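File shown: start09.cif (mmCIF, C-alpha atoms).
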data_run
loop_
_atom_site.label_atom_id
_atom_site.label_comp_id
_atom_site.auth_asym_id
_atom_site.auth_seq_id
_atom_site.Cartn_x
_atom_site.Cartn_y
_atom_site.Cartn_z
CA MET A 19 -14.06 0.78 38.69
CA LEU A 20 -11.96 -1.41 36.42
CA ALA A 21 -8.79 -2.88 37.88
CA PRO A 22 -5.64 -1.39 36.34
CA ARG A 23 -4.00 -3.43 33.62
CA PHE A 24 -0.50 -2.81 34.94
CA GLN A 25 1.21 -3.45 38.25
CA THR A 26 4.71 -2.60 39.36
CA VAL A 27 7.30 -3.53 41.93
CA LEU A 28 9.05 -0.43 43.21
CA ALA A 29 12.49 -0.97 44.77
CA SER A 30 14.45 1.90 46.31
CA ALA A 31 18.02 1.84 47.63
CA TRP A 32 20.04 4.63 49.20
CA ILE A 33 23.21 5.32 51.15
CA SER A 34 24.77 8.61 52.18
CA LYS A 35 28.36 9.49 51.39
CA ARG A 36 29.12 9.73 55.11
CA VAL A 37 27.76 6.26 55.92
CA ALA A 38 29.54 4.77 52.90
CA ALA A 39 32.87 6.38 53.86
CA LYS A 40 32.62 5.00 57.39
CA TYR A 41 31.92 1.52 56.03
CA VAL A 42 34.75 1.68 53.49
CA GLN A 43 37.25 2.68 56.19
CA GLU A 44 36.22 -0.32 58.29
CA TYR A 45 36.26 -2.61 55.24
CA ILE A 46 39.83 -1.57 54.33
CA LYS A 47 40.86 -2.15 57.95
CA GLN A 48 39.45 -5.70 57.79
CA ILE A 49 41.23 -6.39 54.50
CA ARG A 50 44.55 -5.27 56.00
CA GLU A 51 44.01 -7.45 59.05
CA GLN A 52 43.31 -10.41 56.78
CA GLY A 53 46.54 -9.73 54.93
CA LYS A 54 48.46 -10.35 58.15
CA GLN A 55 46.99 -13.83 58.46
CA PRO A 56 48.60 -16.94 56.92
CA GLU A 57 47.17 -17.51 53.45
CA ALA A 58 45.45 -20.73 54.54
CA LYS A 59 43.45 -18.85 57.18
CA ARG A 60 42.41 -15.90 55.05
CA GLU A 61 38.70 -15.52 54.36
CA VAL A 62 36.89 -13.65 51.63
CA ILE A 63 35.36 -10.48 53.04
CA ALA A 64 32.26 -9.51 51.10
CA PHE A 65 31.86 -5.86 50.12
CA ALA A 66 28.45 -5.14 51.65
CA PRO A 67 27.87 -1.47 52.47
CA PRO A 68 24.85 -0.76 54.72
CA ILE A 69 22.51 0.36 51.97
CA GLN A 70 18.87 0.99 52.92
CA VAL A 71 16.36 -0.85 50.71
CA GLN A 72 12.59 -0.65 50.40
CA VAL A 73 10.53 -2.92 48.11
CA LEU A 74 6.82 -2.41 47.42
CA ASP A 75 4.35 -4.32 45.25
CA VAL A 76 2.08 -1.69 43.77
CA GLY A 77 -1.16 -3.04 42.37
CA GLU A 78 -4.90 -2.93 42.86
CA SER A 79 -4.97 -5.47 45.70
CA ALA A 80 -1.60 -4.65 47.28
CA SER A 81 -1.46 -2.48 50.40
CA TYR A 82 0.42 0.75 49.84
CA GLU A 83 1.89 3.51 52.00
CA ALA A 84 3.45 6.62 50.52
CA LEU A 85 6.96 7.80 51.42
CA ASP A 86 7.83 11.50 51.29
CA ALA A 87 11.53 11.68 52.27
CA ILE A 88 14.53 9.59 53.30
CA ASN A 89 17.66 9.92 55.38
CA GLY A 90 20.04 9.85 52.42
CA GLY A 91 22.57 12.58 53.14
CA GLU A 92 21.84 15.39 50.69
CA ASP A 93 19.68 13.03 48.57
CA SER A 94 16.02 12.28 49.05
CA LEU A 95 13.24 10.38 47.30
CA PHE A 96 9.47 10.01 47.38
CA HIS A 97 6.63 7.92 46.02
CA ALA A 98 2.87 8.44 46.18
CA ARG A 99 -0.32 7.24 44.47
CA ILE A 100 -3.16 9.19 42.93
CA LYS A 101 -5.91 6.95 41.59
CA GLN A 102 -4.30 4.63 39.01
CA ASN A 103 -0.98 6.48 38.93
CA LEU A 104 2.24 5.77 40.80
CA VAL A 105 4.32 8.94 41.13
CA PHE A 106 7.94 8.66 42.26
CA GLY A 107 11.10 10.70 42.13
CA VAL A 108 14.51 11.64 43.49
CA SER A 109 16.14 14.90 44.51
CA ASP A 110 19.75 15.87 45.19
CA GLY A 111 20.59 18.87 47.35
CA VAL A 112 23.34 21.04 45.87
CA GLY A 113 26.38 20.65 48.12
CA GLY A 114 27.85 24.07 47.36
CA TRP A 115 25.46 25.62 49.90
CA ASN A 116 27.46 23.98 52.70
CA GLU A 117 30.05 26.72 52.28
CA SER A 118 27.40 29.28 53.21
CA GLY A 119 26.34 27.32 56.29
CA ILE A 120 23.17 26.01 54.65
CA ASP A 121 22.33 22.30 54.91
CA PRO A 122 21.23 21.15 51.42
CA SER A 123 19.49 18.08 52.84
CA VAL A 124 16.75 20.23 54.38
CA PHE A 125 15.87 21.58 50.95
CA SER A 126 15.93 18.25 49.08
CA ARG A 127 13.89 16.43 51.75
CA SER A 128 11.37 19.24 51.93
CA LEU A 129 11.09 19.23 48.13
CA THR A 130 10.32 15.50 47.99
CA ALA A 131 7.85 15.85 50.88
CA TYR A 132 6.03 18.62 49.03
CA SER A 133 6.20 16.59 45.80
CA ALA A 134 4.56 13.57 47.44
CA THR A 135 1.73 15.75 48.72
CA ALA A 136 1.39 17.54 45.38
CA ALA A 137 1.04 14.12 43.71
CA GLU A 138 -1.66 13.02 46.14
CA ARG A 139 -3.52 16.32 45.69
CA SER A 140 -3.33 16.25 41.90
CA PHE A 141 -6.57 16.92 40.07
CA VAL A 142 -7.23 13.66 38.24
CA LEU A 143 -10.85 13.48 37.09
CA HIS A 144 -11.09 9.83 36.04
CA ASP A 145 -9.36 6.84 37.61
CA SER A 146 -7.53 6.13 34.36
CA ASP A 147 -6.38 9.72 33.76
CA GLU A 148 -2.64 10.35 33.90
CA ALA A 149 -0.88 12.47 36.51
CA ASP A 150 1.36 15.24 35.14
CA PRO A 151 4.89 15.06 36.67
CA LYS A 152 5.89 18.54 35.54
CA ASP A 153 2.78 20.02 37.13
CA ILE A 154 3.51 18.07 40.32
CA MET A 155 7.03 19.55 40.41
CA ARG A 156 5.62 23.01 39.74
CA ARG A 157 2.98 22.86 42.47
CA ALA A 158 5.40 21.32 44.99
CA PHE A 159 7.95 24.10 44.54
CA ALA A 160 5.31 26.84 44.40
CA SER A 161 3.79 25.48 47.64
CA MET A 162 7.21 25.61 49.34
CA ARG A 163 7.45 29.25 48.34
CA TYR A 164 3.88 30.02 49.42
CA ASP A 165 4.40 28.42 52.85
CA ASN A 166 7.55 30.54 53.20
CA ILE A 167 9.44 27.70 54.89
CA PRO A 168 13.08 28.34 55.89
CA ALA A 169 14.37 25.57 53.63
CA TYR A 170 17.07 27.46 51.76
CA GLY A 171 19.42 26.20 49.09
CA SER A 172 18.97 24.31 45.84
CA ALA A 173 18.24 20.83 44.55
CA THR A 174 17.80 18.92 41.35
CA GLU A 175 14.67 16.81 40.92
CA LEU A 176 13.37 14.02 38.74
CA VAL A 177 9.64 13.25 38.91
CA ALA A 178 8.12 10.23 37.14
CA SER A 179 4.48 9.23 36.82
CA LEU A 180 3.53 5.70 35.79
CA SER A 181 -0.06 5.09 34.72
CA LEU A 182 -1.14 1.65 35.89
CA ALA A 183 -4.09 1.94 33.50
CA SER A 184 -2.14 2.49 30.27
CA GLY A 185 1.47 1.63 31.13
CA LYS A 186 2.57 5.10 30.06
CA LEU A 187 5.55 6.62 31.87
CA ARG A 188 5.81 10.40 31.95
CA THR A 189 8.86 12.18 33.35
CA ALA A 190 9.93 15.71 34.27
CA GLN A 191 13.67 16.18 34.82
CA LEU A 192 15.39 19.25 36.14
CA GLY A 193 19.16 18.84 36.51
CA ASP A 194 21.42 15.81 36.65
CA SER A 195 19.17 13.30 38.39
CA THR A 196 18.51 11.01 35.43
CA TYR A 197 16.93 7.71 34.42
CA VAL A 198 17.23 4.75 32.07
CA VAL A 199 14.50 2.57 30.55
CA LEU A 200 15.54 -1.08 30.19
CA ASP A 201 13.67 -3.30 27.72
CA GLN A 202 12.57 -6.90 28.33
CA LYS A 203 16.11 -8.13 27.66
CA GLN A 204 17.49 -5.52 30.09
CA LYS A 205 19.11 -3.44 27.39
CA ALA A 206 18.79 0.33 27.59
CA ARG A 207 16.26 1.60 25.08
CA PHE A 208 16.31 5.13 26.50
CA VAL A 209 18.96 7.00 28.49
CA SER A 210 18.14 10.49 29.69
CA THR A 211 20.94 13.04 29.63
CA GLU A 212 21.93 15.53 32.28
CA GLN A 213 20.47 19.02 32.14
CA GLN A 214 23.48 21.28 32.76
CA HIS A 215 24.25 24.97 32.33
CA ARG A 216 27.89 23.93 32.06
CA PHE A 217 30.01 21.09 33.39
CA ASN A 218 29.06 20.18 36.97
CA MET A 219 26.50 22.98 37.19
CA PRO A 220 23.09 21.32 36.83
CA PHE A 221 19.73 23.00 36.51
CA GLN A 222 18.27 23.31 40.01
CA LEU A 223 15.37 24.70 42.00
CA THR A 224 16.45 27.41 44.43
CA ILE A 225 15.12 29.27 47.45
CA PRO A 226 17.81 31.82 48.37
CA PRO A 227 18.21 32.79 52.04
CA THR A 228 16.39 35.95 53.01
CA SER A 229 18.62 36.93 55.92
CA ALA A 230 21.89 38.77 55.42
CA GLU A 231 23.17 37.29 58.68
CA PRO A 232 25.61 34.44 57.97
CA LEU A 233 24.42 31.01 59.05
CA LYS A 234 26.56 28.65 61.09
CA PRO A 235 27.89 25.66 59.13
CA ARG A 236 26.44 22.28 60.05
CA GLY A 237 28.53 19.11 60.28
CA GLU A 238 28.07 15.97 58.19
CA ASP A 239 26.48 14.17 61.15
CA ALA A 240 23.70 16.75 61.28
CA LYS A 241 22.52 15.75 57.81
CA GLU A 242 21.66 12.25 59.00
CA SER A 243 19.02 13.68 61.34
CA ALA A 244 18.21 16.97 59.61
CA GLN A 245 14.70 18.31 59.99
CA PHE A 246 12.63 19.04 56.92
CA PHE A 247 9.27 20.59 56.17
CA ARG A 248 5.98 19.08 55.07
CA PRO A 249 3.10 21.01 53.47
CA ARG A 250 0.45 22.56 55.64
CA PRO A 251 -2.84 20.62 55.90
CA LEU A 252 -5.60 21.75 53.58
CA ASP A 253 -7.78 24.50 55.03
CA ASP A 254 -11.08 23.26 56.47
CA ASP A 255 -12.89 26.05 54.65
CA PRO A 256 -13.30 24.93 51.00
CA LYS A 257 -13.34 28.54 49.79
CA GLU A 258 -10.11 29.35 51.60
CA ALA A 259 -8.51 26.13 50.34
CA LEU A 260 -9.50 27.08 46.80
CA ARG A 261 -8.10 30.59 47.25
CA ILE A 262 -4.76 29.20 48.43
CA ARG A 263 -4.62 26.77 45.53
CA LYS A 264 -5.29 29.56 43.04
CA GLU A 265 -2.55 31.68 44.59
CA ILE A 266 -0.09 28.78 44.38
CA ASP A 267 -1.09 28.09 40.77
CA ALA A 268 -0.55 31.76 39.91
CA ASP A 269 3.15 31.59 40.83
CA ASP A 270 5.04 31.97 37.54
CA PHE A 271 8.48 32.14 39.25
CA ALA A 272 9.18 35.42 37.44
CA ASP A 273 11.24 36.72 40.37
CA LEU A 274 13.58 33.73 40.07
CA SER A 275 13.81 33.79 36.28
CA SER A 276 14.61 37.52 36.30
CA VAL A 277 17.83 36.88 38.24
CA GLY A 278 18.87 33.76 36.35
CA PHE A 279 17.52 31.00 38.60
CA ASP A 280 15.88 27.91 37.11
CA ALA A 281 12.20 27.11 37.55
CA PRO A 282 10.01 23.99 37.20
CA THR A 283 8.96 25.33 33.80
CA ASP A 284 12.53 24.56 32.65
CA ALA A 285 12.12 20.85 33.37
CA ARG A 286 12.60 18.52 30.41
CA GLU A 287 9.64 16.23 29.69
CA ASN A 288 9.53 12.75 28.15
CA THR A 289 6.90 10.06 27.63
CA HIS A 290 7.44 6.31 27.22
CA THR A 291 5.00 3.47 26.59
CA MET A 292 6.13 0.70 28.91
CA ALA A 293 5.83 -3.02 28.22
CA HIS A 294 5.70 -6.14 30.36
CA ASN A 295 8.95 -6.89 32.24
CA GLU A 296 10.58 -3.56 31.39
CA VAL A 297 12.41 -1.71 34.16
CA VAL A 298 12.90 1.99 34.90
CA VAL A 299 16.11 2.96 36.72
CA ALA A 300 15.91 6.48 38.22
CA ALA A 301 18.75 7.89 40.28
CA THR A 302 20.63 10.90 41.56
CA ASP A 303 23.99 11.66 39.97
CA GLY A 304 25.76 9.59 42.61
CA LEU A 305 24.85 6.55 40.51
CA PHE A 306 25.45 7.57 36.91
CA ASP A 307 28.54 9.64 37.74
CA ASN A 308 30.15 6.36 38.81
CA VAL A 309 28.38 3.50 37.05
CA ARG A 310 28.16 3.06 33.29
CA VAL A 311 24.83 2.11 31.73
CA ASP A 312 26.25 -1.20 30.50
CA GLU A 313 27.15 -2.09 34.11
CA VAL A 314 23.53 -1.48 35.10
CA GLU A 315 22.39 -3.62 32.16
CA LYS A 316 24.57 -6.56 33.26
CA LEU A 317 23.33 -6.43 36.84
CA ALA A 318 19.71 -6.15 35.71
CA GLU A 319 20.10 -9.05 33.26
CA ARG A 320 21.52 -11.32 35.97
CA PHE A 321 18.81 -10.56 38.52
CA MET A 322 15.89 -10.54 36.06
CA GLN A 323 16.99 -13.92 34.66
CA ALA A 324 16.95 -15.29 38.22
CA ILE A 325 13.48 -13.80 38.71
CA GLY A 326 12.33 -15.41 35.47
CA LYS A 327 13.51 -18.84 36.61
CA ILE A 328 11.50 -18.53 39.83
CA GLN A 329 8.41 -17.43 37.92
CA ASN A 330 8.70 -20.48 35.62
CA MET A 331 9.06 -22.96 38.48
CA LYS A 332 6.11 -25.34 38.72
CA ASP A 333 6.87 -26.86 42.13
CA VAL A 334 6.69 -23.72 44.29
CA PRO A 335 4.02 -24.49 46.96
CA ALA A 336 2.21 -21.17 46.76
CA GLN A 337 1.96 -18.22 44.40
CA GLU A 338 2.70 -15.95 47.38
CA SER A 339 6.08 -17.65 47.79
CA LYS A 340 6.98 -16.78 44.22
CA ALA A 341 5.89 -13.18 44.68
CA THR A 342 7.95 -12.81 47.85
CA ALA A 343 11.04 -14.41 46.29
CA THR A 344 10.87 -12.28 43.14
CA SER A 345 10.31 -9.07 45.11
CA ASP A 346 13.28 -9.89 47.33
CA LEU A 347 15.44 -10.46 44.25
CA PHE A 348 14.30 -7.18 42.74
CA GLY A 349 15.26 -5.44 45.97
CA GLY A 350 18.62 -7.20 45.64
CA LEU A 351 19.01 -5.64 42.20
CA ALA A 352 18.42 -2.14 43.64
CA TYR A 353 20.95 -2.87 46.40
CA SER A 354 23.54 -4.20 43.93
CA ILE A 355 23.26 -1.18 41.64
CA ALA A 356 23.77 1.21 44.58
CA ALA A 357 26.64 -0.92 45.92
CA GLN A 358 28.30 -0.84 42.49
CA ALA A 359 28.33 2.95 42.67
CA VAL A 360 30.09 2.87 46.05
CA ALA A 361 32.55 0.21 44.87
CA ASN A 362 33.35 2.28 41.78
CA TYR A 363 33.78 5.66 43.38
CA ILE A 364 36.46 4.48 45.80
CA GLN A 365 38.67 3.42 42.88
CA GLY A 366 41.23 6.16 42.25
CA ASP A 367 42.20 4.91 38.79
CA LEU A 368 38.68 4.31 37.44
CA ARG A 369 37.62 5.89 34.15
CA SER A 370 34.26 6.83 35.58
CA PRO A 371 31.48 8.50 33.57
CA PHE A 372 32.14 11.66 35.61
CA ALA A 373 35.85 11.55 34.76
CA GLU A 374 35.05 11.14 31.07
CA ARG A 375 32.68 14.12 31.10
CA ALA A 376 35.27 16.17 32.98
CA LYS A 377 37.83 15.39 30.28
CA LEU A 378 35.41 16.50 27.54
CA ALA A 379 34.94 19.77 29.44
CA GLY A 380 38.69 20.34 29.63
CA TYR A 381 39.30 19.23 33.21
CA SER A 382 41.73 16.63 34.50
CA PHE A 383 39.96 14.13 36.75
CA THR A 384 40.59 10.46 37.44
CA GLY A 385 38.60 7.97 39.48
CA GLY A 386 35.10 7.89 40.84
CA LYS A 387 33.23 10.73 42.50
CA PRO A 388 32.23 10.02 46.14
CA ASP A 389 28.63 11.09 46.65
CA ASP A 390 25.30 10.15 48.17
CA VAL A 391 23.65 7.42 46.08
CA THR A 392 19.89 7.06 45.64
CA VAL A 393 18.29 4.61 43.22
CA MET A 394 14.65 3.82 42.39
CA LEU A 395 13.66 0.87 40.19
CA ALA A 396 10.18 0.26 38.78
CA TRP A 397 9.51 -3.20 37.31
CA ILE A 398 6.49 -3.09 35.03
CA LYS A 399 4.05 -6.02 34.96
CA ASP A 400 1.24 -6.35 32.42
CA THR A 401 -1.48 -8.38 34.17
CA SER A 402 -2.74 -9.70 30.84
CA LYS A 403 0.69 -11.33 30.41
CA THR A 404 1.02 -12.55 34.02
CA ASN A 405 -2.50 -14.05 33.98
CA GLU A 406 -1.70 -15.83 30.72
CA HIS A 407 1.46 -17.21 32.34
CA LYS A 408 -0.56 -18.48 35.32
CA ILE A 409 -3.05 -20.21 33.03
CA ASN A 410 -0.27 -21.89 31.08
CA ASN A 411 1.34 -23.14 34.29
CA LEU A 412 -2.01 -24.44 35.54
CA SER A 413 -2.66 -26.22 32.22
CA ALA A 414 0.75 -27.86 32.42
CA LYS A 415 -0.09 -29.26 35.87
CA LEU A 416 -3.39 -30.64 34.60
#
Mind turning the file's structure into structure tokens?
Amino acid sequence: MLAPRFQTVLASAWISKRVAAKYVQEYIKQIREQGKQPEAKREVIAFAPPIQVQVLDVGESASYEALDAINGGEDSLFHARIKQNLVFGVSDGVGGWNESGIDPSVFSRSLTAYSATAAERSFVLHDSDEADPKDIMRRAFASMRYDNIPAYGSATELVASLSLASGKLRTAQLGDSTYVVLDQKQKARFVSTEQQHRFNMPFQLTIPPTSAEPLKPRGEDAKESAQFFRPRPLDDDPKEALRIRKEIDADDFADLSSVGFDAPTDARENTHTMAHNEVVVAATDGLFDNVRVDEVEKLAERFMQAIGKIQNMKDVPAQESKATATSDLFGGLAYSIAAQAVANYIQGDLRSPFAERAKLAGYSFTGGKPDDVTVMLAWIKDTSKTNEHKINNLSAKL
């Protein structure tokens, strides 16, 4: 088997609206206490919300462990590998279900858990064949329905598949979880748009409750420890496993479409050929409702320039030290982008992207939109370029 030409560093960052609000309240309290001090004794208090960050080097020799859900309020994310494909995505539970006593986080976390398994069970004949993100979304949602799990509600989802063999990125987007592709200079060369029925009503996957009995509302604290559902293990009997798969594949979601619900078949697809040092920024609407694309560009430019300086250093004692330092910086970029969303949405006078879209739709809205924030960054590395860089550095030493 040939080693894949491409590698990637995957950095994820997330914080729930509840955790962010608690931090902001404490931060404001500290600022007020500082204001009571004499000016000479005042200290700068850094804005550092407790954002969760995960950074993974994904390559042929790197160890890898899939992730199928997170504790991100009503948001969730996943990543998984199938042969020479990295599949990753985000999901945002629709908060309107809270009014019916349904916890949207159960649905979004279950959806990402099923999506991770669907990715790992994808039929990919050759190592270099590409995984199909729309088919992964379809089989994940159909499997949730087949298993008849009590995960009611709705969620948006964005699924991306990156081929480490070809560098091709394929995406399937349903709703307002979107993504941006940054070129080598960290300028946006593609910005996906929200998929909305009308303002603030995104396309979404739905499993309506089957019981007429009203459910008891759950508090915000419950979402931080909400249970979710994972797919059933494959049947030991190959014939039975094949029968189940055929039944899942036969689901055309006609019952949902007939009453106006969206289906995975409605997902918008895109394909991008990625190049060395390009970055994909995928996120739930908590990011792009509050942070402009040019703000993301500026943050990415600053961090990627710092990464470039480390890569060009000739006096670093070991290559592993460079890899660790650059991965840490890339994780810092994911953190900073998520922190920018929190910093923006607490500003009451901000002309946020959400406020601008509200105005276009005829609504009066000012400031940011407090929400869960989930961000995934994929930094693409072409090994033919990185190996050339290593050779040049070695030649310079000689």
For the interface of range 43-126 of chain A with range 243-253 of chain A (cut-off 8 Å, counting all atoms listed in the file), please tabulate each contacting residue of range 43-126 of chain A alongside its nearest pair of atoms and their separation in Å to one decimal, rows sorted by chain and increasing number, as a Markdown table.
| residue | atom | partner | partner_atom | distance |
| --- | --- | --- | --- | --- |
| A:Asn89 | CA | A:Ser243 | CA | 7.2 |
| A:Ser123 | CA | A:Ala244 | CA | 7.0 |
| A:Val124 | CA | A:Phe246 | CA | 5.0 |
| A:Phe125 | CA | A:Phe246 | CA | 7.3 |
Pull C-alpha atoms from the residues just selected and write them as a tab-separated table (two decimals), in the frame of the given file.
chain	number	residue	atom	x	y	z
A	89	ASN	CA	17.66	9.92	55.38
A	123	SER	CA	19.49	18.08	52.84
A	124	VAL	CA	16.75	20.23	54.38
A	125	PHE	CA	15.87	21.58	50.95
What lies within 6 Å of range 179-195 of chain A using all atoms listed in the file, ignoring chain neighbours under 4 positions off, as JSON, numbers by chain?
{"A": [22, 23, 24, 102, 103, 104, 105, 146, 148, 151, 152, 174, 175, 212, 213, 220, 221, 222, 285, 286, 287, 288, 289, 290, 291, 292, 301, 302, 303]}
Take the residues just selected and output them with C-alpha atoms as a PDB file, in the coordinates of the input.
ATOM      1  CA  PRO A  22      -5.640  -1.390  36.340  1.00  0.00           C
ATOM      2  CA  ARG A  23      -4.000  -3.430  33.620  1.00  0.00           C
ATOM      3  CA  PHE A  24      -0.500  -2.810  34.940  1.00  0.00           C
ATOM      4  CA  GLN A 102      -4.300   4.630  39.010  1.00  0.00           C
ATOM      5  CA  ASN A 103      -0.980   6.480  38.930  1.00  0.00           C
ATOM      6  CA  LEU A 104       2.240   5.770  40.800  1.00  0.00           C
ATOM      7  CA  VAL A 105       4.320   8.940  41.130  1.00  0.00           C
ATOM      8  CA  SER A 146      -7.530   6.130  34.360  1.00  0.00           C
ATOM      9  CA  GLU A 148      -2.640  10.350  33.900  1.00  0.00           C
ATOM     10  CA  PRO A 151       4.890  15.060  36.670  1.00  0.00           C
ATOM     11  CA  LYS A 152       5.890  18.540  35.540  1.00  0.00           C
ATOM     12  CA  THR A 174      17.800  18.920  41.350  1.00  0.00           C
ATOM     13  CA  GLU A 175      14.670  16.810  40.920  1.00  0.00           C
ATOM     14  CA  GLU A 212      21.930  15.530  32.280  1.00  0.00           C
ATOM     15  CA  GLN A 213      20.470  19.020  32.140  1.00  0.00           C
ATOM     16  CA  PRO A 220      23.090  21.320  36.830  1.00  0.00           C
ATOM     17  CA  PHE A 221      19.730  23.000  36.510  1.00  0.00           C
ATOM     18  CA  GLN A 222      18.270  23.310  40.010  1.00  0.00           C
ATOM     19  CA  ALA A 285      12.120  20.850  33.370  1.00  0.00           C
ATOM     20  CA  ARG A 286      12.600  18.520  30.410  1.00  0.00           C
ATOM     21  CA  GLU A 287       9.640  16.230  29.690  1.00  0.00           C
ATOM     22  CA  ASN A 288       9.530  12.750  28.150  1.00  0.00           C
ATOM     23  CA  THR A 289       6.900  10.060  27.630  1.00  0.00           C
ATOM     24  CA  HIS A 290       7.440   6.310  27.220  1.00  0.00           C
ATOM     25  CA  THR A 291       5.000   3.470  26.590  1.00  0.00           C
ATOM     26  CA  MET A 292       6.130   0.700  28.910  1.00  0.00           C
ATOM     27  CA  ALA A 301      18.750   7.890  40.280  1.00  0.00           C
ATOM     28  CA  THR A 302      20.630  10.900  41.560  1.00  0.00           C
ATOM     29  CA  ASP A 303      23.990  11.660  39.970  1.00  0.00           C
TER      30      ASP A 303
END
To one decimal place in Å, what is the distance between CA of Arg50 in chain A and CA of Ile63 in chain A?
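Distance reported for this atom pair: 11.0 Å.
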For the structure provided, state which residues fall under the PyMOL selection byres ((chain A and resi 64) around 12), and present them as a PyMOL selection string.
chain A and resi 42+45-46+48-49+61-63+65-67+357+361
Padding 6 Å on every side, please: axis-aligned box over the listed atoms of range 313-322 of chain A, centre and edge lengths to one decimal in Å, as AutoDock Vina command-line options.
--center_x 21.5 --center_y -6.4 --center_z 35.3 --size_x 23.3 --size_y 21.8 --size_z 18.4
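Reported to one decimal place, the separation of CA of Ser370 in chain A from CA of Asn116 in chain A is 25.2 Å.
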Between CA of Ile364 in chain A and CA of Asn308 in chain A, what is the distance, to one decimal in Å?
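If I compute the distance from CA of Ile364 in chain A to CA of Asn308 in chain A, I get 9.6 Å.
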Convert the output of the PyMOL selection byres ((chain A and resi 84) around 7) on the shown file into explicit residues, formatted as JSON, numbers by chain.
{"A": [82, 83, 85, 86, 97, 98]}
From the structure block, carefully write range 52-68 of chain A out with N, CA and C atoms; format it as a compact mmCIF listing (two decimals), in the first residue's frame.
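Done, and the output landed in part_19.txt:
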# COMPACT_ATOMS: atom_id res chain seq x y z
N GLN A 52 -11.20 45.22 39.58
CA GLN A 52 -9.97 45.93 39.18
C GLN A 52 -10.20 47.42 39.12
N GLY A 53 -11.39 47.81 38.67
CA GLY A 53 -11.70 49.23 38.55
C GLY A 53 -11.71 49.96 39.89
N LYS A 54 -11.87 49.22 40.97
CA LYS A 54 -11.86 49.81 42.30
C LYS A 54 -10.44 50.04 42.82
N GLN A 55 -9.47 49.39 42.16
CA GLN A 55 -8.09 49.52 42.60
C GLN A 55 -7.47 50.82 42.08
N PRO A 56 -6.46 51.34 42.78
CA PRO A 56 -5.71 52.49 42.25
C PRO A 56 -5.11 52.12 40.88
N GLU A 57 -5.04 53.07 39.99
CA GLU A 57 -4.60 52.80 38.63
C GLU A 57 -3.24 52.12 38.60
N ALA A 58 -2.36 52.48 39.50
CA ALA A 58 -1.01 51.90 39.51
C ALA A 58 -1.02 50.40 39.84
N LYS A 59 -2.06 49.94 40.51
CA LYS A 59 -2.12 48.54 40.92
C LYS A 59 -2.99 47.69 40.00
N ARG A 60 -3.60 48.32 39.02
CA ARG A 60 -4.47 47.56 38.12
C ARG A 60 -3.66 46.65 37.20
N GLU A 61 -4.17 45.46 36.97
CA GLU A 61 -3.53 44.50 36.08
C GLU A 61 -4.44 44.18 34.91
N VAL A 62 -3.81 43.83 33.80
CA VAL A 62 -4.58 43.43 32.62
C VAL A 62 -5.13 42.02 32.86
N ILE A 63 -6.41 41.87 32.70
CA ILE A 63 -7.05 40.56 32.87
C ILE A 63 -7.35 39.99 31.49
N ALA A 64 -6.66 38.95 31.14
CA ALA A 64 -6.83 38.34 29.82
C ALA A 64 -8.22 37.72 29.68
N PHE A 65 -8.79 37.87 28.49
CA PHE A 65 -10.09 37.24 28.20
C PHE A 65 -9.77 35.83 27.71
N ALA A 66 -9.99 34.84 28.56
CA ALA A 66 -9.60 33.47 28.25
C ALA A 66 -10.69 32.49 28.66
N PRO A 67 -11.76 32.42 27.89
CA PRO A 67 -12.85 31.49 28.23
C PRO A 67 -12.36 30.04 28.19
N PRO A 68 -12.95 29.17 29.01
CA PRO A 68 -12.50 27.77 29.09
C PRO A 68 -12.96 26.92 27.91
